[in-house]
file start_8.cif (mmCIF, C-alpha atoms)
data_my_file
#
loop_
_atom_site.label_atom_id
_atom_site.label_comp_id
_atom_site.auth_asym_id
_atom_site.auth_seq_id
_atom_site.Cartn_x
_atom_site.Cartn_y
_atom_site.Cartn_z
CA MET A 1 -63.16 14.95 11.88
CA ALA A 2 -61.19 18.08 10.93
CA LYS A 3 -61.60 19.48 14.42
CA GLN A 4 -60.17 16.33 15.97
CA THR A 5 -57.10 16.52 13.75
CA LYS A 6 -56.54 20.19 14.53
CA SER A 7 -56.77 19.70 18.27
CA ALA A 8 -54.26 16.86 18.12
CA LEU A 9 -51.72 18.84 16.17
CA GLY A 10 -50.92 21.11 19.09
CA LYS A 11 -50.03 18.17 21.33
CA GLY A 12 -46.92 16.93 19.59
CA LEU A 13 -46.02 13.91 17.53
CA SER A 14 -47.67 11.20 19.60
CA ALA A 15 -51.10 12.82 19.38
CA LEU A 16 -50.98 12.85 15.58
CA ILE A 17 -50.53 9.15 14.96
CA THR A 18 -52.09 5.79 15.72
CA MET A 19 -50.39 2.43 15.57
CA ASP A 20 -51.14 0.13 12.66
CA ASP A 21 -49.81 -3.25 13.76
CA LEU A 22 -49.19 -5.40 10.73
CA ASN A 23 -49.66 -9.15 10.99
CA THR A 24 -46.22 -10.24 12.16
CA GLY A 25 -47.21 -13.54 13.73
CA GLY A 26 -46.85 -12.15 17.25
CA SER A 27 -47.82 -9.31 19.54
CA SER A 28 -44.85 -7.03 18.75
CA SER A 29 -45.69 -3.67 17.19
CA ILE A 30 -42.26 -3.49 15.53
CA ASN A 31 -42.02 -4.96 12.04
CA GLU A 32 -39.05 -6.01 9.92
CA ILE A 33 -39.52 -4.14 6.63
CA GLU A 34 -37.44 -4.69 3.51
CA LEU A 35 -35.40 -1.60 2.61
CA SER A 36 -36.34 -2.07 -1.05
CA LYS A 37 -39.97 -1.44 -0.14
CA ILE A 38 -39.25 1.86 1.64
CA ILE A 39 -39.09 5.30 0.00
CA PRO A 40 -38.13 8.65 1.59
CA ASN A 41 -40.73 11.33 2.20
CA PRO A 42 -40.41 13.98 -0.57
CA ASP A 43 -41.66 16.58 1.91
CA GLN A 44 -39.01 15.69 4.49
CA PRO A 45 -37.88 19.03 5.98
CA ARG A 46 -34.34 17.80 6.50
CA THR A 47 -32.29 18.18 3.32
CA VAL A 48 -28.70 17.96 4.61
CA PHE A 49 -27.22 14.66 5.75
CA ASP A 50 -23.62 14.67 6.97
CA GLU A 51 -21.86 11.91 5.01
CA GLU A 52 -19.17 11.37 7.63
CA ALA A 53 -21.80 10.98 10.36
CA LEU A 54 -23.75 8.57 8.13
CA GLU A 55 -20.63 6.44 7.65
CA GLU A 56 -20.06 6.34 11.42
CA LEU A 57 -23.68 5.32 12.00
CA ALA A 58 -23.41 2.66 9.29
CA VAL A 59 -20.38 1.13 11.05
CA SER A 60 -22.31 1.11 14.32
CA ILE A 61 -25.28 -0.56 12.62
CA GLN A 62 -23.01 -3.23 11.15
CA SER A 63 -21.76 -4.03 14.65
CA LEU A 64 -24.90 -3.66 16.74
CA GLY A 65 -27.79 -3.55 14.28
CA LEU A 66 -30.33 -0.74 14.11
CA VAL A 67 -31.17 -0.09 17.75
CA GLN A 68 -33.93 2.48 17.22
CA PRO A 69 -36.68 1.53 14.72
CA ILE A 70 -37.67 3.98 12.00
CA THR A 71 -41.28 5.11 11.58
CA LEU A 72 -43.19 4.46 8.35
CA ARG A 73 -46.63 4.74 6.85
CA GLU A 74 -48.09 2.34 4.29
CA ILE A 75 -48.72 4.03 0.94
CA GLY A 76 -49.77 1.03 -1.13
CA HIS A 77 -49.53 -2.72 -1.17
CA ASP A 78 -46.22 -3.57 0.47
CA ARG A 79 -44.90 -0.03 -0.06
CA TYR A 80 -43.90 2.33 2.73
CA GLN A 81 -42.92 5.98 3.13
CA ILE A 82 -40.63 7.30 5.87
CA ILE A 83 -42.19 9.51 8.53
CA SER A 84 -39.07 9.73 10.68
CA GLY A 85 -35.69 8.07 10.58
CA GLU A 86 -34.39 8.86 7.09
CA ARG A 87 -30.86 9.19 8.47
CA ARG A 88 -31.12 5.70 9.99
CA TYR A 89 -32.61 4.42 6.71
CA ARG A 90 -29.67 5.81 4.70
CA ALA A 91 -27.10 4.45 7.13
CA SER A 92 -28.77 1.03 7.08
CA LYS A 93 -28.44 0.94 3.30
CA LYS A 94 -24.76 1.85 3.62
CA ALA A 95 -24.37 -0.92 6.20
CA GLY A 96 -25.77 -3.43 3.72
CA LEU A 97 -28.92 -4.34 5.65
CA LYS A 98 -31.79 -5.91 3.73
CA THR A 99 -34.48 -5.18 6.34
CA VAL A 100 -34.91 -2.70 9.20
CA PRO A 101 -37.13 -2.68 12.28
CA ALA A 102 -39.94 -0.17 11.85
CA TYR A 103 -43.17 1.08 13.31
CA VAL A 104 -45.94 1.32 10.72
CA ARG A 105 -48.49 3.99 11.49
CA LYS A 106 -51.67 5.36 9.97
CA VAL A 107 -51.10 8.93 8.86
CA SER A 108 -53.06 11.13 6.46
CA ASP A 109 -51.41 13.11 3.68
CA GLU A 110 -52.53 16.26 5.48
CA ASN A 111 -50.44 15.48 8.56
CA ILE A 112 -47.33 13.82 7.15
CA MET A 113 -45.20 16.95 6.74
CA GLU A 114 -46.23 18.38 10.09
CA MET A 115 -45.27 15.13 11.75
CA ALA A 116 -41.88 15.04 10.02
CA LEU A 117 -41.26 18.66 10.98
CA ILE A 118 -42.20 18.16 14.62
CA GLU A 119 -40.15 14.98 14.92
CA ASN A 120 -37.06 16.63 13.46
CA ILE A 121 -37.41 19.77 15.60
CA GLN A 122 -37.85 17.68 18.74
CA ARG A 123 -34.62 15.82 17.85
CA GLU A 124 -32.90 19.08 16.81
CA ASP A 125 -32.02 17.48 13.47
CA LEU A 126 -32.81 20.47 11.25
CA ASN A 127 -30.70 23.51 10.49
CA ALA A 128 -32.27 26.96 10.69
CA ILE A 129 -32.95 27.30 6.95
CA GLU A 130 -34.56 23.86 6.76
CA ILE A 131 -36.87 24.85 9.62
CA ALA A 132 -37.69 28.17 7.95
CA LEU A 133 -38.49 26.47 4.63
CA ALA A 134 -40.63 23.88 6.38
CA PHE A 135 -42.58 26.61 8.20
CA GLN A 136 -43.12 28.48 4.93
CA THR A 137 -44.28 25.31 3.15
CA LEU A 138 -46.80 24.56 5.89
CA ILE A 139 -48.12 28.13 5.75
CA ASP A 140 -48.46 27.99 1.97
CA SER A 141 -49.86 24.45 1.81
CA TYR A 142 -52.53 24.90 4.48
CA ARG A 143 -53.07 28.65 4.11
CA LEU A 144 -52.15 29.27 7.71
CA THR A 145 -51.30 32.47 9.51
CA GLN A 146 -48.22 32.47 11.70
CA GLU A 147 -50.55 32.43 14.71
CA LYS A 148 -52.37 29.32 13.44
CA LEU A 149 -49.11 27.58 12.65
CA SER A 150 -47.93 28.40 16.17
CA GLU A 151 -51.00 26.65 17.59
CA ARG A 152 -50.55 23.59 15.38
CA ILE A 153 -46.88 22.86 16.03
CA GLY A 154 -46.52 24.20 19.56
CA LYS A 155 -43.95 26.90 18.76
CA LYS A 156 -44.24 30.57 19.75
CA ARG A 157 -45.35 32.88 16.95
CA ALA A 158 -42.28 35.09 17.51
CA THR A 159 -40.04 32.06 17.01
CA ILE A 160 -41.77 31.21 13.74
CA ALA A 161 -41.48 34.84 12.58
CA ASN A 162 -37.75 34.88 13.35
CA PHE A 163 -37.15 31.76 11.29
CA LEU A 164 -39.23 33.02 8.36
CA ARG A 165 -37.24 36.26 8.27
CA LEU A 166 -34.13 34.21 7.47
CA LEU A 167 -35.60 33.51 4.03
CA LYS A 168 -35.21 37.23 3.23
CA LEU A 169 -31.42 36.98 3.47
CA PRO A 170 -29.33 36.77 0.27
CA ALA A 171 -28.94 33.19 -0.95
CA GLU A 172 -25.22 33.12 -0.13
CA ILE A 173 -25.92 33.93 3.52
CA GLN A 174 -28.72 31.36 3.68
CA MET A 175 -26.28 28.73 2.41
CA GLY A 176 -23.72 29.84 5.00
CA LEU A 177 -26.29 29.40 7.74
CA LYS A 178 -27.32 26.04 6.31
CA ASP A 179 -23.68 24.91 6.19
CA LYS A 180 -23.08 26.22 9.74
CA LYS A 181 -20.51 28.80 8.67
CA ILE A 182 -22.50 31.25 10.79
CA ASP A 183 -25.12 30.65 13.44
CA MET A 184 -28.60 32.00 14.11
CA GLY A 185 -27.23 34.82 16.28
CA HIS A 186 -25.09 36.14 13.41
CA ALA A 187 -27.96 35.83 10.95
CA LYS A 188 -30.42 37.78 13.13
CA LEU A 189 -27.92 40.63 13.40
CA VAL A 190 -27.23 40.68 9.66
CA LEU A 191 -30.99 40.81 9.07
CA SER A 192 -31.13 44.17 10.85
CA LEU A 193 -29.15 45.69 7.97
CA ASP A 194 -31.43 46.91 5.19
CA ASP A 195 -29.09 46.75 2.21
CA PRO A 196 -28.33 43.24 0.80
CA SER A 197 -24.85 44.32 -0.36
CA THR A 198 -24.02 45.48 3.17
CA GLN A 199 -25.43 42.25 4.57
CA LEU A 200 -23.14 40.28 2.26
CA MET A 201 -20.16 42.45 3.16
CA VAL A 202 -20.65 41.85 6.90
CA TYR A 203 -21.25 38.14 6.28
CA GLU A 204 -17.96 37.86 4.38
CA GLN A 205 -16.14 39.61 7.23
CA ILE A 206 -17.68 37.21 9.78
CA ILE A 207 -16.38 34.27 7.75
CA GLU A 208 -12.95 35.76 7.05
CA TYR A 209 -12.16 36.95 10.57
CA GLY A 210 -14.24 34.52 12.61
CA TYR A 211 -16.18 37.32 14.31
CA SER A 212 -18.19 36.32 17.37
CA VAL A 213 -21.84 37.29 17.70
CA ARG A 214 -20.83 40.05 20.11
CA LYS A 215 -18.26 41.49 17.68
CA THR A 216 -20.80 41.27 14.85
CA GLU A 217 -23.30 43.13 17.00
CA GLU A 218 -20.81 45.99 17.45
CA ILE A 219 -20.23 46.23 13.70
CA VAL A 220 -23.91 46.06 12.81
CA GLN A 221 -24.76 48.69 15.43
CA ALA A 222 -22.16 51.04 13.98
CA LEU A 223 -23.44 50.43 10.46
CA ASN A 224 -27.00 51.17 11.52
CA GLU A 225 -26.07 54.31 13.48
CA GLU A 226 -23.68 55.83 10.94
CA ASN A 227 -23.00 55.58 7.24
CA PRO A 228 -21.25 52.38 6.08
CA ALA A 229 -18.01 54.03 4.93
CA LYS A 230 -17.36 55.79 8.26
CA ALA A 231 -18.41 52.80 10.34
CA LEU A 232 -16.24 50.36 8.47
CA ALA A 233 -13.27 52.71 8.64
CA LYS A 234 -13.66 52.94 12.41
CA LYS A 235 -13.74 49.20 12.76
CA GLN A 236 -10.48 48.58 10.90
CA PRO A 237 -7.15 48.04 12.66
CA LYS A 238 -4.82 50.99 12.40
CA SER A 239 -1.59 49.08 11.78
CA PRO A 240 -0.07 49.86 8.31
CA ASN A 241 -0.15 46.20 7.34
CA GLU A 242 -3.91 46.09 7.81
CA TYR A 243 -4.97 49.09 5.72
CA GLY A 244 -5.66 46.57 2.98
CA ASP A 245 -8.72 45.41 4.92
CA LEU A 246 -10.10 48.93 4.88
CA LYS A 247 -9.41 49.18 1.16
CA ASN A 248 -11.35 45.95 0.58
CA HIS A 249 -14.28 47.22 2.65
CA LEU A 250 -14.50 50.51 0.75
CA SER A 251 -14.03 48.79 -2.62
CA ALA A 252 -16.99 46.55 -1.82
CA PHE A 253 -19.04 49.49 -0.58
CA PHE A 254 -18.39 51.74 -3.59
CA LYS A 255 -18.34 48.78 -6.00
CA THR A 256 -15.10 49.97 -7.57
CA LYS A 257 -11.39 49.29 -6.93
CA VAL A 258 -10.42 51.83 -4.24
CA SER A 259 -6.67 52.48 -3.89
CA PHE A 260 -4.54 53.89 -1.05
CA SER A 261 -1.24 55.69 -0.78
CA ILE A 262 0.09 56.07 2.76
CA ASN A 263 3.38 57.51 4.04
CA ASP A 264 5.37 56.40 7.08
CA LEU A 265 3.48 58.84 9.30
CA GLY A 266 0.13 57.37 8.29
CA ALA A 267 -0.92 60.31 6.11
CA GLY A 268 -2.05 59.71 2.57
CA LYS A 269 -4.97 59.71 0.20
CA ILE A 270 -7.78 57.44 -0.96
CA THR A 271 -8.54 57.22 -4.70
CA ILE A 272 -11.98 56.14 -5.91
CA PRO A 273 -11.88 55.53 -9.69
CA PHE A 274 -14.88 55.63 -12.05
CA SER A 275 -15.32 54.15 -15.50
CA SER A 276 -17.84 56.50 -17.12
CA PRO A 277 -19.84 59.69 -16.51
CA GLU A 278 -22.70 57.49 -15.34
CA ASP A 279 -20.41 55.72 -12.89
CA LEU A 280 -19.19 59.09 -11.59
CA GLU A 281 -22.76 60.20 -11.07
CA ARG A 282 -23.42 56.99 -9.10
CA LEU A 283 -20.45 57.69 -6.82
CA ILE A 284 -21.51 61.32 -6.31
CA GLN A 285 -24.99 60.17 -5.29
CA MET A 286 -23.49 57.70 -2.79
CA LEU A 287 -21.25 60.41 -1.31
CA ASP A 288 -24.21 62.78 -1.10
CA ARG A 289 -26.13 60.18 0.91
CA ILE A 290 -23.15 59.75 3.25
CA ASP A 291 -22.93 63.51 3.75
CA ARG A 292 -26.55 63.62 4.89
#
call {"tool": "encode", "arguments": {"input": "start_8.cif", "output": "structure tokens"}}
result
Amino acid sequence: MAKQTKSALGKGLSALITMDDLNTGGSSSINEIELSKIIPNPDQPRTVFDEEALEELAVSIQSLGLVQPITLREIGHDRYQIISGERRYRASKKAGLKTVPAYVRKVSDENIMEMALIENIQREDLNAIEIALAFQTLIDSYRLTQEKLSERIGKKRATIANFLRLLKLPAEIQMGLKDKKIDMGHAKLVLSLDDPSTQLMVYEQIIEYGYSVRKTEEIVQALNEENPAKALAKKQPKSPNEYGDLKNHLSAFFKTKVSFSINDLGAGKITIPFSSPEDLERLIQMLDRIDR
């Protein structure tokens, strides 16, 4: 039995499920199910639902009804859990529907999350962090290697590895990726930086200046080839009004409030303050590393 399940998992959503036609008084495999009897799947990989998009869908449902049925599994007497279609379920509730058309399928607990993940990926409904978390949950729950997970969900192992690496980013950057402030291309470049504080610094610059992936690649390459202070200084505009950007970069790098004094010719000095002998020692060690 286990072997049959495993072989089906690599073939996509349709191979995982069988139809369970409830007695509806006819031959149709679509059932009208009361919304009050439906609960979301707690292991649903998708965690973000755009409220504005839900409102728009709810208006459409009020006018035309729910065109595409949702997919459920029976989890008890007259109780159902969503396999796919939670967005449509939420919009239907907003639209004031009492029932929705639904397919009811037989699905084991072992397969429910994999099915939800595959369905969402096929529809491109998940953001990168949701996909990464779903991959990690499947690996942990079923004690899978990346190679085995690749076989089961039909994704290349390198793709899975790239998504899992996103979970090593600082939480602020993960949230930015989840909220689509940056895209996967930005995130992969930021991942190539070893130091979390430098990753955050580059992330903040991407947000502030709207850097493209190509521009981010140039900055990250410079940071990886040289020391951060020199690289950031090279990347700053040279106009007097924009020296403040360089000051902010260096203040973040040295973790102290760096100050500038610049004359009309562009000559001047940079002051790096310290608050204690220990803080001075920290700065000296950072400068020593730069010198190497």
call {"tool": "resolve_selection", "arguments": {"input": "start_8.cif", "expression": "the PyMOL selection byres ((chain A and resi 37) around 7)", "output": "list in words"}}
result
Glu34, Leu35, Ser36, Ile38, Ile39, Asp78, Arg79 and Tyr80 of chain A
call {"tool": "closest_residue", "arguments": {"input": "start_8.cif", "among": "A:Ile272, A:Glu74, A:Glu208, A:Ala102", "to": "Arg88 in chain A", "atoms": "all atoms listed in the file"}}
result
A:Ala102
call {"tool": "closest_residue", "arguments": {"input": "start_8.cif", "among": "A:Met175, A:Leu223, A:Ile160, A:Leu64", "to": "Leu189 in chain A", "atoms": "all atoms listed in the file"}}
result
A:Leu223
call {"tool": "closest_residue", "arguments": {"input": "start_8.cif", "among": "A:Lys178, A:Lys106, A:Lys215, A:Lys156", "to": "Ile82 in chain A", "atoms": "only C-alpha atoms"}}
result
A:Lys106
call {"tool": "atom_distance", "arguments": {"input": "start_8.cif", "atom1": "CA of Thr47 in chain A", "atom2": "CA of Glu130 in chain A"}}
result
7.0 Å
call {"tool": "resolve_selection", "arguments": {"input": "start_8.cif", "expression": "the PyMOL selection byres ((chain A and resi 166) around 12)", "output": "PyMOL selection string"}}
result
chain A and resi 127-133+135-136+159-165+167-178+183-192
call {"tool": "resolve_selection", "arguments": {"input": "start_8.cif", "expression": "the PyMOL selection byres ((chain A and resi 260) around 10)", "output": "short mmCIF file (atom, residue, chain, number, x, y, z; two decimals) with C-alpha atoms, in the frame of the given file"}}
result
data_model
loop_
_atom_site.label_atom_id
_atom_site.label_comp_id
_atom_site.auth_asym_id
_atom_site.auth_seq_id
_atom_site.Cartn_x
_atom_site.Cartn_y
_atom_site.Cartn_z
CA TYR A 243 -4.97 49.09 5.72
CA GLY A 244 -5.66 46.57 2.98
CA LEU A 246 -10.10 48.93 4.88
CA LYS A 247 -9.41 49.18 1.16
CA VAL A 258 -10.42 51.83 -4.24
CA SER A 259 -6.67 52.48 -3.89
CA SER A 261 -1.24 55.69 -0.78
CA ILE A 262 0.09 56.07 2.76
CA GLY A 268 -2.05 59.71 2.57
CA LYS A 269 -4.97 59.71 0.20
CA ILE A 270 -7.78 57.44 -0.96
CA THR A 271 -8.54 57.22 -4.70
CA ILE A 272 -11.98 56.14 -5.91
#
